[in-house]
>>> print(open('data.txt').read())   # compact mmCIF, C-alpha atoms
# COMPACT_ATOMS: atom_id res chain seq x y z
CA MET A 1 46.14 -33.89 77.46
CA ARG A 2 43.98 -32.19 74.86
CA ILE A 3 45.32 -32.19 71.31
CA ILE A 4 43.78 -29.37 69.27
CA ALA A 5 44.36 -28.88 65.54
CA VAL A 6 43.82 -25.34 64.24
CA THR A 7 42.91 -25.81 60.60
CA ASN A 8 41.19 -24.48 57.50
CA GLN A 9 42.26 -25.11 53.92
CA LYS A 10 41.77 -21.42 53.11
CA GLY A 11 44.84 -19.28 53.68
CA GLY A 12 44.81 -15.92 55.43
CA CYS A 13 41.92 -16.71 57.77
CA GLY A 14 43.85 -16.43 61.04
CA LYS A 15 44.92 -20.01 61.77
CA THR A 16 48.42 -19.11 62.91
CA THR A 17 47.22 -16.07 64.85
CA ALA A 18 44.70 -18.26 66.68
CA ALA A 19 47.17 -21.08 67.37
CA VAL A 20 49.95 -18.81 68.65
CA ASN A 21 47.85 -16.53 70.83
CA LEU A 22 45.56 -19.21 72.27
CA SER A 23 48.64 -21.26 73.19
CA ALA A 24 50.26 -18.27 74.89
CA VAL A 25 47.17 -17.41 76.94
CA LEU A 26 46.66 -21.03 78.02
CA ALA A 27 50.31 -21.14 79.13
CA ALA A 28 49.89 -17.88 81.03
CA ARG A 29 46.93 -19.49 82.84
CA GLY A 30 49.24 -22.17 84.22
CA ARG A 31 48.64 -24.88 81.62
CA ARG A 32 51.56 -26.81 80.15
CA VAL A 33 51.33 -26.16 76.43
CA LEU A 34 53.17 -27.45 73.37
CA LEU A 35 52.62 -25.54 70.11
CA ILE A 36 53.45 -27.62 67.03
CA ASP A 37 54.07 -25.76 63.78
CA LEU A 38 53.02 -28.15 61.01
CA ASP A 39 53.04 -25.52 58.26
CA PRO A 40 56.15 -25.48 56.00
CA GLN A 41 55.85 -21.68 55.83
CA ALA A 42 56.79 -21.71 59.55
CA HIS A 43 54.61 -18.70 60.32
CA ALA A 44 53.88 -19.83 63.89
CA THR A 45 57.60 -20.39 64.45
CA VAL A 46 58.47 -16.89 63.22
CA ALA A 47 55.50 -15.31 65.05
CA LEU A 48 57.07 -16.51 68.29
CA GLY A 49 60.48 -15.06 67.48
CA LEU A 50 62.19 -18.30 66.36
CA PRO A 51 64.12 -17.99 63.06
CA PRO A 52 63.72 -21.44 61.42
CA ASP A 53 67.35 -21.39 60.24
CA ASP A 54 68.48 -21.14 63.87
CA CYS A 55 66.55 -24.25 64.95
CA PRO A 56 68.80 -27.35 65.08
CA ALA A 57 65.81 -29.61 64.40
CA THR A 58 62.23 -29.03 63.23
CA MET A 59 59.07 -30.95 62.33
CA HIS A 60 60.77 -31.96 59.08
CA GLU A 61 63.31 -34.12 60.91
CA VAL A 62 60.70 -35.42 63.35
CA LEU A 63 58.39 -36.67 60.60
CA ARG A 64 61.31 -38.18 58.70
CA GLY A 65 62.25 -40.04 61.87
CA THR A 66 65.84 -38.74 61.91
CA VAL A 67 65.43 -36.76 65.17
CA PRO A 68 63.37 -37.79 68.23
CA ILE A 69 60.54 -35.38 68.93
CA HIS A 70 61.88 -34.33 72.34
CA GLU A 71 65.13 -33.14 70.75
CA ALA A 72 63.27 -30.79 68.40
CA ILE A 73 61.12 -29.12 71.06
CA ARG A 74 62.21 -25.66 72.24
CA HIS A 75 61.37 -25.63 75.94
CA ASN A 76 59.93 -22.61 77.78
CA HIS A 77 60.30 -20.33 74.80
CA PHE A 78 57.70 -18.30 76.66
CA PRO A 79 56.83 -19.22 80.27
CA GLY A 80 54.95 -22.51 80.17
CA LEU A 81 54.95 -22.62 76.37
CA ASP A 82 57.11 -25.10 74.45
CA VAL A 83 57.42 -24.89 70.67
CA LEU A 84 58.10 -27.52 68.04
CA PRO A 85 59.23 -25.36 65.09
CA SER A 86 58.79 -25.85 61.36
CA SER A 87 60.91 -25.10 58.31
CA ILE A 88 60.65 -24.95 54.51
CA PRO A 89 61.96 -28.54 53.96
CA LEU A 90 58.73 -29.79 55.55
CA ALA A 91 57.10 -28.94 52.20
CA THR A 92 58.63 -32.18 50.86
CA ALA A 93 56.62 -34.29 53.33
CA GLU A 94 54.33 -35.60 50.60
CA GLN A 95 57.37 -36.92 48.73
CA PHE A 96 59.43 -38.46 51.53
CA LEU A 97 56.39 -40.06 53.17
CA SER A 98 54.96 -41.42 49.94
CA GLY A 99 54.59 -45.17 50.24
CA VAL A 100 55.53 -45.19 53.94
CA PRO A 101 53.13 -47.39 55.96
CA GLY A 102 51.05 -45.34 58.38
CA LYS A 103 52.13 -42.05 56.79
CA GLU A 104 48.97 -40.32 58.04
CA ARG A 105 49.83 -41.31 61.63
CA ARG A 106 53.41 -40.00 61.80
CA LEU A 107 52.53 -37.07 64.07
CA LEU A 108 50.41 -39.28 66.32
CA GLU A 109 53.25 -41.81 66.62
CA SER A 110 55.67 -39.00 67.49
CA LEU A 111 53.38 -37.68 70.21
CA ARG A 112 53.47 -41.09 71.86
CA ARG A 113 57.17 -40.56 72.49
CA ILE A 114 56.99 -37.18 74.22
CA PRO A 115 58.47 -37.68 77.70
CA LYS A 116 57.03 -34.46 79.13
CA ARG A 117 53.36 -34.28 80.10
CA TYR A 118 51.34 -31.46 78.54
CA ASP A 119 47.85 -30.21 79.29
CA TYR A 120 47.44 -28.93 75.73
CA VAL A 121 49.07 -29.68 72.39
CA VAL A 122 48.03 -27.09 69.78
CA VAL A 123 48.85 -27.89 66.14
CA ASP A 124 49.03 -25.09 63.56
CA SER A 125 48.07 -26.77 60.27
CA PRO A 126 48.97 -25.68 56.72
CA PRO A 127 46.35 -24.10 54.41
CA SER A 128 45.68 -27.30 52.47
CA LEU A 129 43.98 -30.68 52.77
CA GLY A 130 47.15 -32.65 52.11
CA LEU A 131 49.09 -35.18 54.14
CA LEU A 132 50.27 -32.70 56.79
CA THR A 133 46.72 -31.60 57.59
CA PHE A 134 45.62 -35.23 57.60
CA ASN A 135 48.36 -35.93 60.17
CA ALA A 136 47.13 -33.05 62.33
CA LEU A 137 43.52 -34.23 62.24
CA ARG A 138 44.47 -37.86 62.85
CA ALA A 139 46.47 -36.89 65.94
CA ALA A 140 43.94 -34.41 67.35
CA ASP A 141 40.94 -34.94 69.56
CA GLU A 142 39.34 -31.70 68.43
CA ALA A 143 39.78 -28.98 65.84
CA ILE A 144 39.32 -25.22 65.87
CA VAL A 145 38.36 -23.88 62.44
CA PRO A 146 39.00 -20.13 62.06
CA ILE A 147 36.50 -18.60 59.63
CA ASP A 148 36.80 -15.07 58.27
CA PRO A 149 33.76 -13.32 56.72
CA SER A 150 34.04 -14.80 53.24
CA PHE A 151 32.14 -17.60 51.59
CA LEU A 152 35.45 -19.12 50.51
CA SER A 153 36.06 -19.87 54.20
CA ILE A 154 32.73 -21.70 54.41
CA HIS A 155 33.61 -23.55 51.21
CA GLY A 156 36.85 -24.66 52.87
CA LEU A 157 34.87 -25.76 55.92
CA GLY A 158 32.78 -28.04 53.73
CA HIS A 159 35.87 -29.85 52.45
CA LEU A 160 37.22 -30.12 55.99
CA LEU A 161 33.99 -31.73 57.16
CA GLU A 162 34.33 -34.27 54.34
CA MET A 163 37.85 -35.13 55.50
CA VAL A 164 36.69 -35.54 59.10
CA GLU A 165 33.92 -37.85 57.94
CA LEU A 166 36.49 -39.86 55.98
CA LEU A 167 38.59 -40.19 59.12
CA ARG A 168 35.54 -41.35 61.04
CA ARG A 169 34.58 -43.98 58.47
CA GLU A 170 37.97 -45.36 57.53
CA GLY A 171 40.10 -44.59 60.55
CA ARG A 172 37.49 -45.03 63.26
CA HIS A 173 38.64 -41.69 64.65
CA ALA A 174 36.03 -39.31 66.08
CA LEU A 175 37.02 -35.64 65.91
CA SER A 176 34.98 -32.68 67.15
CA LEU A 177 35.08 -29.43 65.18
CA LYS A 178 34.23 -25.96 66.39
CA VAL A 179 34.25 -22.74 64.39
CA LEU A 180 36.10 -19.61 65.54
CA LEU A 181 34.91 -16.40 63.88
CA VAL A 182 37.58 -13.83 63.05
CA MET A 183 37.39 -10.27 61.71
CA LEU A 184 33.58 -10.23 61.75
CA ASP A 185 31.77 -6.91 62.22
CA LEU A 186 28.34 -7.73 63.63
CA ARG A 187 27.09 -4.23 62.87
CA THR A 188 26.74 -5.04 59.18
CA ARG A 189 23.92 -6.82 57.34
CA PHE A 190 26.49 -8.96 55.57
CA ALA A 191 27.75 -10.29 58.91
CA HIS A 192 24.30 -11.54 59.87
CA GLU A 193 23.76 -13.13 56.44
CA PHE A 194 27.15 -14.76 56.78
CA LEU A 195 26.28 -16.14 60.23
CA ARG A 196 22.99 -17.60 58.97
CA HIS A 197 24.79 -19.30 56.10
CA LEU A 198 27.49 -20.60 58.44
CA GLU A 199 24.98 -22.04 60.89
CA SER A 200 23.34 -23.95 58.05
CA GLU A 201 26.69 -25.69 57.54
CA MET A 202 27.80 -26.09 61.16
CA LYS A 203 26.28 -24.85 64.41
CA ALA A 204 29.18 -25.59 66.78
CA ARG A 205 31.15 -22.39 67.28
CA TYR A 206 32.85 -20.36 69.99
CA GLN A 207 30.98 -17.31 71.22
CA THR A 208 34.20 -15.29 71.17
CA ILE A 209 34.83 -13.36 67.96
CA ILE A 210 38.42 -12.32 67.22
CA ARG A 211 38.08 -8.72 66.13
CA HIS A 212 40.30 -7.04 63.58
CA THR A 213 43.15 -5.06 65.14
CA VAL A 214 46.57 -4.05 63.89
CA ARG A 215 48.01 -5.13 67.24
CA LEU A 216 47.78 -8.79 66.21
CA ARG A 217 49.95 -8.15 63.14
CA GLU A 218 52.36 -6.01 65.14
CA ALA A 219 52.75 -8.78 67.71
CA ALA A 220 53.58 -11.36 65.04
CA ALA A 221 56.11 -8.99 63.46
CA CYS A 222 57.74 -8.56 66.88
CA GLY A 223 57.85 -12.32 67.48
CA LYS A 224 55.53 -12.15 70.50
CA PRO A 225 51.98 -13.16 71.46
CA VAL A 226 49.61 -10.21 71.51
CA THR A 227 49.26 -10.56 75.30
CA SER A 228 52.96 -9.77 75.61
CA HIS A 229 53.10 -7.10 72.90
CA ALA A 230 49.89 -5.22 73.70
CA PRO A 231 48.27 -6.69 76.82
CA ARG A 232 45.52 -4.06 76.94
CA SER A 233 44.50 -4.33 73.28
CA ILE A 234 41.23 -5.78 72.02
CA GLY A 235 43.26 -8.60 70.48
CA ALA A 236 44.57 -9.63 73.89
CA GLU A 237 41.07 -9.28 75.35
CA ASP A 238 39.55 -11.52 72.66
CA PHE A 239 42.08 -14.30 73.15
CA GLU A 240 41.61 -14.15 76.91
CA HIS A 241 37.89 -14.73 76.30
CA LEU A 242 38.64 -17.58 73.87
CA ALA A 243 40.88 -19.21 76.47
CA ASP A 244 38.01 -18.91 78.97
CA GLU A 245 35.79 -20.90 76.60
CA VAL A 246 38.44 -23.53 75.87
CA ILE A 247 39.23 -24.03 79.55
CA ALA A 248 35.50 -24.22 80.39
CA GLU A 249 35.34 -27.28 78.13
CA GLU A 250 37.69 -29.12 80.45
CA LEU A 251 35.84 -31.77 82.37
CA SER A 252 34.36 -29.96 85.37
CA ALA A 253 31.92 -32.61 86.61
CA ILE A 254 34.59 -34.68 88.37
CA ARG A 255 33.79 -35.05 92.05
CA GLU A 256 36.16 -36.15 94.77
CA CYS A 257 37.90 -39.36 93.76
CA PRO A 258 36.66 -42.35 95.81
CA LEU A 259 39.09 -44.10 98.14
CA GLY A 260 38.04 -47.66 97.29
CA GLU A 261 39.40 -50.15 94.81
CA GLU A 262 41.37 -48.83 91.83
CA PRO A 263 40.51 -48.49 88.97
CA PHE A 264 36.99 -47.38 89.87
CA GLN A 265 34.13 -46.69 87.47
CA THR A 266 31.48 -44.04 88.05
CA ALA A 267 28.64 -42.79 85.88
CA GLU A 268 31.04 -40.18 84.44
CA GLY A 269 34.00 -42.45 83.71
CA VAL A 270 36.90 -44.36 85.29
CA PHE A 271 39.33 -43.19 88.00
CA PHE A 272 42.91 -44.49 88.17
CA TRP A 273 45.34 -43.60 90.94
CA ARG A 274 48.64 -44.51 92.53
CA PRO A 275 50.71 -43.18 95.47
CA ARG A 276 52.39 -39.89 94.65
CA SER A 277 56.12 -39.18 94.89
CA ASP A 278 57.59 -35.67 94.73
CA GLY A 279 59.13 -34.84 91.37
CA GLU A 280 57.73 -37.94 89.71
CA GLU A 281 56.31 -37.49 86.19
CA VAL A 282 53.32 -39.82 85.79
CA THR A 283 51.06 -40.33 82.76
CA LEU A 284 48.51 -42.94 81.69
CA VAL A 285 48.40 -44.76 78.33
CA GLY A 286 46.12 -47.41 76.91
CA ASP A 287 43.72 -48.54 74.24
CA PHE A 288 41.42 -45.68 75.26
CA ASN A 289 43.88 -43.01 74.07
CA GLU A 290 45.86 -44.82 71.34
CA TRP A 291 48.78 -45.18 73.76
CA VAL A 292 49.61 -41.47 73.68
CA PRO A 293 50.57 -40.43 77.26
CA ASP A 294 47.69 -38.63 78.98
CA ARG A 295 45.76 -38.06 75.76
CA ARG A 296 42.07 -37.64 76.66
CA VAL A 297 43.08 -38.05 80.31
CA VAL A 298 42.20 -35.53 83.03
CA SER A 299 44.74 -35.13 85.85
CA ILE A 300 43.18 -34.34 89.24
CA PRO A 301 45.22 -32.45 91.88
CA ASP A 302 45.75 -34.42 95.09
CA ALA A 303 48.40 -34.19 97.82
CA GLN A 304 48.88 -37.93 98.37
CA ARG A 305 47.98 -39.56 95.06
CA THR A 306 48.42 -39.21 91.33
CA ILE A 307 44.84 -39.35 90.07
CA LYS A 308 43.72 -39.75 86.46
CA PHE A 309 40.22 -39.75 85.03
CA VAL A 310 39.14 -41.17 81.66
CA GLN A 311 35.77 -41.19 79.94
CA VAL A 312 35.43 -44.52 78.11
CA PRO A 313 32.50 -46.54 76.72
CA PRO A 314 31.92 -50.12 77.88
CA GLY A 315 34.61 -52.50 76.70
CA ARG A 316 37.90 -54.20 77.49
CA TYR A 317 41.01 -51.99 77.63
CA ARG A 318 44.72 -52.63 78.04
CA TYR A 319 46.66 -49.87 79.77
CA ARG A 320 49.86 -48.94 81.61
CA TRP A 321 51.26 -46.25 83.86
CA VAL A 322 54.26 -44.30 82.55
CA ILE A 323 56.57 -43.34 85.43
CA ASP A 324 59.37 -40.93 84.46
CA GLY A 325 59.26 -42.32 80.93
CA ILE A 326 59.20 -46.01 81.97
CA TRP A 327 56.09 -48.01 81.07
CA VAL A 328 54.90 -50.22 83.94
CA GLU A 329 51.80 -52.29 84.68
CA ASP A 330 49.29 -51.26 87.35
CA SER A 331 50.51 -52.98 90.54
CA SER A 332 47.01 -52.81 92.08
CA ASN A 333 45.45 -54.70 89.16
CA PRO A 334 46.22 -58.45 89.15
CA THR A 335 44.95 -59.04 85.61
CA LEU A 336 47.78 -58.82 83.07
CA VAL A 337 48.19 -59.82 79.43
CA PRO A 338 51.43 -60.04 77.40
CA SER A 339 52.18 -56.72 75.72
CA THR A 340 52.74 -56.35 71.99
CA MET A 341 55.93 -54.45 72.87
CA GLU A 342 57.52 -55.98 75.97
CA GLY A 343 56.41 -56.98 79.46
CA PHE A 344 52.73 -56.97 80.38
CA ASP A 345 49.72 -54.67 80.08
CA SER A 346 47.07 -54.30 82.77
CA VAL A 347 43.47 -54.98 81.77
CA LEU A 348 40.36 -52.98 82.63
CA GLU A 349 36.82 -54.23 81.98
CA VAL A 350 34.24 -51.45 81.79
CA GLU A 351 30.74 -52.82 82.10
CA GLU A 352 27.40 -51.36 81.08
CA ARG A 353 26.26 -50.78 84.65
CA PRO A 354 28.73 -48.52 86.52
CA GLN A 355 27.92 -49.98 89.93
CA LEU A 356 29.05 -53.43 88.73
CA ALA A 357 32.28 -52.36 87.05
CA HIS A 358 35.30 -54.32 88.14
CA VAL A 359 38.78 -55.39 87.14
CA THR A 360 38.92 -58.86 85.63
>>> encode(input="data.txt", output="structure tokens")
Amino acid sequence: MRIIAVTNQKGGCGKTTAAVNLSAVLAARGRRVLLIDLDPQAHATVALGLPPDDCPATMHEVLRGTVPIHEAIRHNHFPGLDVLPSSIPLATAEQFLSGVPGKERRLLESLRRIPKRYDYVVVDSPPSLGLLTFNALRAADEAIVPIDPSFLSIHGLGHLLEMVELLRREGRHALSLKVLLVMLDLRTRFAHEFLRHLESEMKARYQTIIRHTVRLREAAACGKPVTSHAPRSIGAEDFEHLADEVIAEELSAIRECPLGEEPFQTAEGVFFWRPRSDGEEVTLVGDFNEWVPDRRVVSIPDAQRTIKFVQVPPGRYRYRWVIDGIWVEDSSNPTLVPSTMEGFDSVLEVEERPQLAHVT
């Protein structure tokens, strides 16, 4: 499961447009996607045709802890796309979370309790660097930063980079950022000056540029993704290309899973597997993904087995399988330690030399 925050402290730079339309295209490509609206203005919610007043529960109740996250999710709002809506009361998050231990991890803790397995969780962040954005960045593995052709956008990027560095230093949380250019006309001299200035700040960016088109605004007004509203428009074409780039980042170097002892370490990472049962929902949690089901875990299709792949550095990791929402130890691994919750956790030892990796 990849958790992607779409964020920039500057308003009006296309965050919601990017979050909504990328989510829709990924879902149309067969990925299981959850779009989380973390902006109190609820623009992503409205852009997908969900009136906030008609939603029995939203992110406000989830962060307060009064409603479990699975009860607030609107399932299959579009085919393959689930939505966790927002509402105006979420604007009081700074107040009701003030003084609460772990307030910057509330979203991450909620994601641990999602029973359904997603390939992507896309978080639409508010235009600020407050607690809600901090929650989005703390929960995410990566961030997409929409940048429109203005130096205020680059100024906002600088502050965002400072926050990410703060997370790295104090929270020991590594987050990758990548810029997405929007409304940039490469025919102008200003555009090239803007690109040079941007690359001096940050070189990582998507090659796709989201061009300006009225169809994107029309789609939002109709409560639909642009691929549903105007499938032949340049807006739909651009988001198809962006989805191509995002999907290409999925781990593609995984070869056929070996049939030997499980878990098994290779030069690329560690394979886990178990016999497969029809209709069974299986995820993997552990120290390597902060116990969020399938976070940073690649699922590999196989007819007989449920196969998971994780890239982890050398170290000692506790982990469990989650079978239809029930956390169980790995029956093929004899090494167990008492869990901090209940029962036992399995233990994996990843050594420096892949050929000598073993379970201890």
>>> closest_residue(input="data.txt", among="A:Arg2, A:His60, A:Arg113, A:His75", to="A:Leu90", atoms="only C-alpha atoms")
A:His60
>>> closest_residue(input="data.txt", among="A:Glu165, A:Glu351, A:Glu281, A:Asp345", to="A:Gly269", atoms="all atoms listed in the file")
A:Glu351
>>> residues_around(input="data.txt", residues="stretch 282-298 of chain A", least_positions_apart="3", cutoff="6 Å", atoms="only C-alpha atoms", output="tab-separated table (two decimals) with C-alpha atoms, keeping the file's coordinate frame")
chain	number	residue	atom	x	y	z
A	1	MET	CA	46.14	-33.89	77.46
A	112	ARG	CA	53.47	-41.09	71.86
A	308	LYS	CA	43.72	-39.75	86.46
A	309	PHE	CA	40.22	-39.75	85.03
A	310	VAL	CA	39.14	-41.17	81.66
A	317	TYR	CA	41.01	-51.99	77.63
A	318	ARG	CA	44.72	-52.63	78.04
A	319	TYR	CA	46.66	-49.87	79.77
A	320	ARG	CA	49.86	-48.94	81.61
A	321	TRP	CA	51.26	-46.25	83.86
A	322	VAL	CA	54.26	-44.30	82.55
A	323	ILE	CA	56.57	-43.34	85.43
>>> residues_near_point(input="data.txt", point="(44.1, -34.4, 65.0)", cutoff="12 Å", atoms="all atoms listed in the file", output="PyMOL selection string")
chain A and resi 2-7+36+38+104-109+111+121-125+131-144+163-164+167-168+171+173-177+295
>>> write_last_selection(input="data.txt", atoms="C-alpha atoms", output="JSON list (two decimals), in the frame of the given file")
[["chain", "number", "residue", "atom", "x", "y", "z"],
["A", 2, "ARG", "CA", 43.98, -32.19, 74.86],
["A", 3, "ILE", "CA", 45.32, -32.19, 71.31],
["A", 4, "ILE", "CA", 43.78, -29.37, 69.27],
["A", 5, "ALA", "CA", 44.36, -28.88, 65.54],
["A", 6, "VAL", "CA", 43.82, -25.34, 64.24],
["A", 7, "THR", "CA", 42.91, -25.81, 60.60],
["A", 36, "ILE", "CA", 53.45, -27.62, 67.03],
["A", 38, "LEU", "CA", 53.02, -28.15, 61.01],
["A", 104, "GLU", "CA", 48.97, -40.32, 58.04],
["A", 105, "ARG", "CA", 49.83, -41.31, 61.63],
["A", 106, "ARG", "CA", 53.41, -40.00, 61.80],
["A", 107, "LEU", "CA", 52.53, -37.07, 64.07],
["A", 108, "LEU", "CA", 50.41, -39.28, 66.32],
["A", 109, "GLU", "CA", 53.25, -41.81, 66.62],
["A", 111, "LEU", "CA", 53.38, -37.68, 70.21],
["A", 121, "VAL", "CA", 49.07, -29.68, 72.39],
["A", 122, "VAL", "CA", 48.03, -27.09, 69.78],
["A", 123, "VAL", "CA", 48.85, -27.89, 66.14],
["A", 124, "ASP", "CA", 49.03, -25.09, 63.56],
["A", 125, "SER", "CA", 48.07, -26.77, 60.27],
["A", 131, "LEU", "CA", 49.09, -35.18, 54.14],
["A", 132, "LEU", "CA", 50.27, -32.70, 56.79],
["A", 133, "THR", "CA", 46.72, -31.60, 57.59],
["A", 134, "PHE", "CA", 45.62, -35.23, 57.60],
["A", 135, "ASN", "CA", 48.36, -35.93, 60.17],
["A", 136, "ALA", "CA", 47.13, -33.05, 62.33],
["A", 137, "LEU", "CA", 43.52, -34.23, 62.24],
["A", 138, "ARG", "CA", 44.47, -37.86, 62.85],
["A", 139, "ALA", "CA", 46.47, -36.89, 65.94],
["A", 140, "ALA", "CA", 43.94, -34.41, 67.35],
["A", 141, "ASP", "CA", 40.94, -34.94, 69.56],
["A", 142, "GLU", "CA", 39.34, -31.70, 68.43],
["A", 143, "ALA", "CA", 39.78, -28.98, 65.84],
["A", 144, "ILE", "CA", 39.32, -25.22, 65.87],
["A", 163, "MET", "CA", 37.85, -35.13, 55.50],
["A", 164, "VAL", "CA", 36.69, -35.54, 59.10],
["A", 167, "LEU", "CA", 38.59, -40.19, 59.12],
["A", 168, "ARG", "CA", 35.54, -41.35, 61.04],
["A", 171, "GLY", "CA", 40.10, -44.59, 60.55],
["A", 173, "HIS", "CA", 38.64, -41.69, 64.65],
["A", 174, "ALA", "CA", 36.03, -39.31, 66.08],
["A", 175, "LEU", "CA", 37.02, -35.64, 65.91],
["A", 176, "SER", "CA", 34.98, -32.68, 67.15],
["A", 177, "LEU", "CA", 35.08, -29.43, 65.18],
["A", 295, "ARG", "CA", 45.76, -38.06, 75.76]]
>>> axis_aligned_box(input="data.txt", around="stretch 334-349 of chain A", padding_each_side="6 Å", output="JSON")
{"center_x": 47.2, "center_y": -56.5, "center_z": 80.6, "size_x": 32.7, "size_y": 19.1, "size_z": 29.2}
>>> residues_around(input="data.txt", residues="A:Pro275", least_positions_apart="4", cutoff="10 Å", atoms="all atoms listed in the file", output="mmCIF file with C-alpha atoms, in the frame of the given file")
data_model
loop_
_atom_site.group_PDB
_atom_site.id
_atom_site.type_symbol
_atom_site.label_atom_id
_atom_site.label_comp_id
_atom_site.auth_asym_id
_atom_site.auth_seq_id
_atom_site.Cartn_x
_atom_site.Cartn_y
_atom_site.Cartn_z
ATOM 1 C CA ALA A 303 48.400 -34.190 97.820
ATOM 2 C CA GLN A 304 48.880 -37.930 98.370
ATOM 3 C CA ARG A 305 47.980 -39.560 95.060
ATOM 4 C CA THR A 306 48.420 -39.210 91.330
ATOM 5 C CA ILE A 307 44.840 -39.350 90.070
#
>>> residues_near_point(input="data.txt", point="(51.1, -7.9, 58.0)", cutoff="12 Å", atoms="all atoms listed in the file", output="MDAnalysis selection string")
chainID A and resid 12 14 17 43 47 213:222
>>> residues_around(input="data.txt", residues="stretch 346-349 of chain A", least_positions_apart="6", cutoff="6 Å", atoms="only C-alpha atoms", output="number ranges by chain")
A: 315-319, 329-330, 335-336, 359
>>> residues_around(input="data.txt", residues="A:Gly235", least_positions_apart="2", cutoff="7 Å", atoms="only C-alpha atoms", output="VMD selection string")
chain A and resid 210 to 211 213 215 to 216 226 233 237 to 239
>>> write_last_selection(input="data.txt", atoms="C-alpha atoms", output="mmCIF file, in the frame of the given file")
data_model
loop_
_atom_site.group_PDB
_atom_site.id
_atom_site.type_symbol
_atom_site.label_atom_id
_atom_site.label_comp_id
_atom_site.auth_asym_id
_atom_site.auth_seq_id
_atom_site.Cartn_x
_atom_site.Cartn_y
_atom_site.Cartn_z
ATOM 1 C CA ILE A 210 38.420 -12.320 67.220
ATOM 2 C CA ARG A 211 38.080 -8.720 66.130
ATOM 3 C CA THR A 213 43.150 -5.060 65.140
ATOM 4 C CA ARG A 215 48.010 -5.130 67.240
ATOM 5 C CA LEU A 216 47.780 -8.790 66.210
ATOM 6 C CA VAL A 226 49.610 -10.210 71.510
ATOM 7 C CA SER A 233 44.500 -4.330 73.280
ATOM 8 C CA GLU A 237 41.070 -9.280 75.350
ATOM 9 C CA ASP A 238 39.550 -11.520 72.660
ATOM 10 C CA PHE A 239 42.080 -14.300 73.150
#
>>> residues_around(input="data.txt", residues="A:Leu26", least_positions_apart="2", cutoff="12 Å", atoms="all atoms listed in the file", output="PyMOL selection string")
chain A and resi 2+18-24+28-35+78-82+118-122+225+227+239-248
>>> atom_distance(input="data.txt", atom1="atom CA of A:Gly343", atom2="atom CA of A:Ile326")
11.6 Å
>>> atom_distance(input="data.txt", atom1="atom CA of A:Pro115", atom2="atom CA of A:Glu280")
12.0 Å
>>> atom_distance(input="data.txt", atom1="atom CA of A:Ser299", atom2="atom CA of A:Lys15")
28.4 Å
>>> closest_residue(input="data.txt", among="A:Arg74, A:Glu261, A:Pro334, A:Thr266", to="A:Pro313", atoms="all atoms listed in the file")
A:Thr266
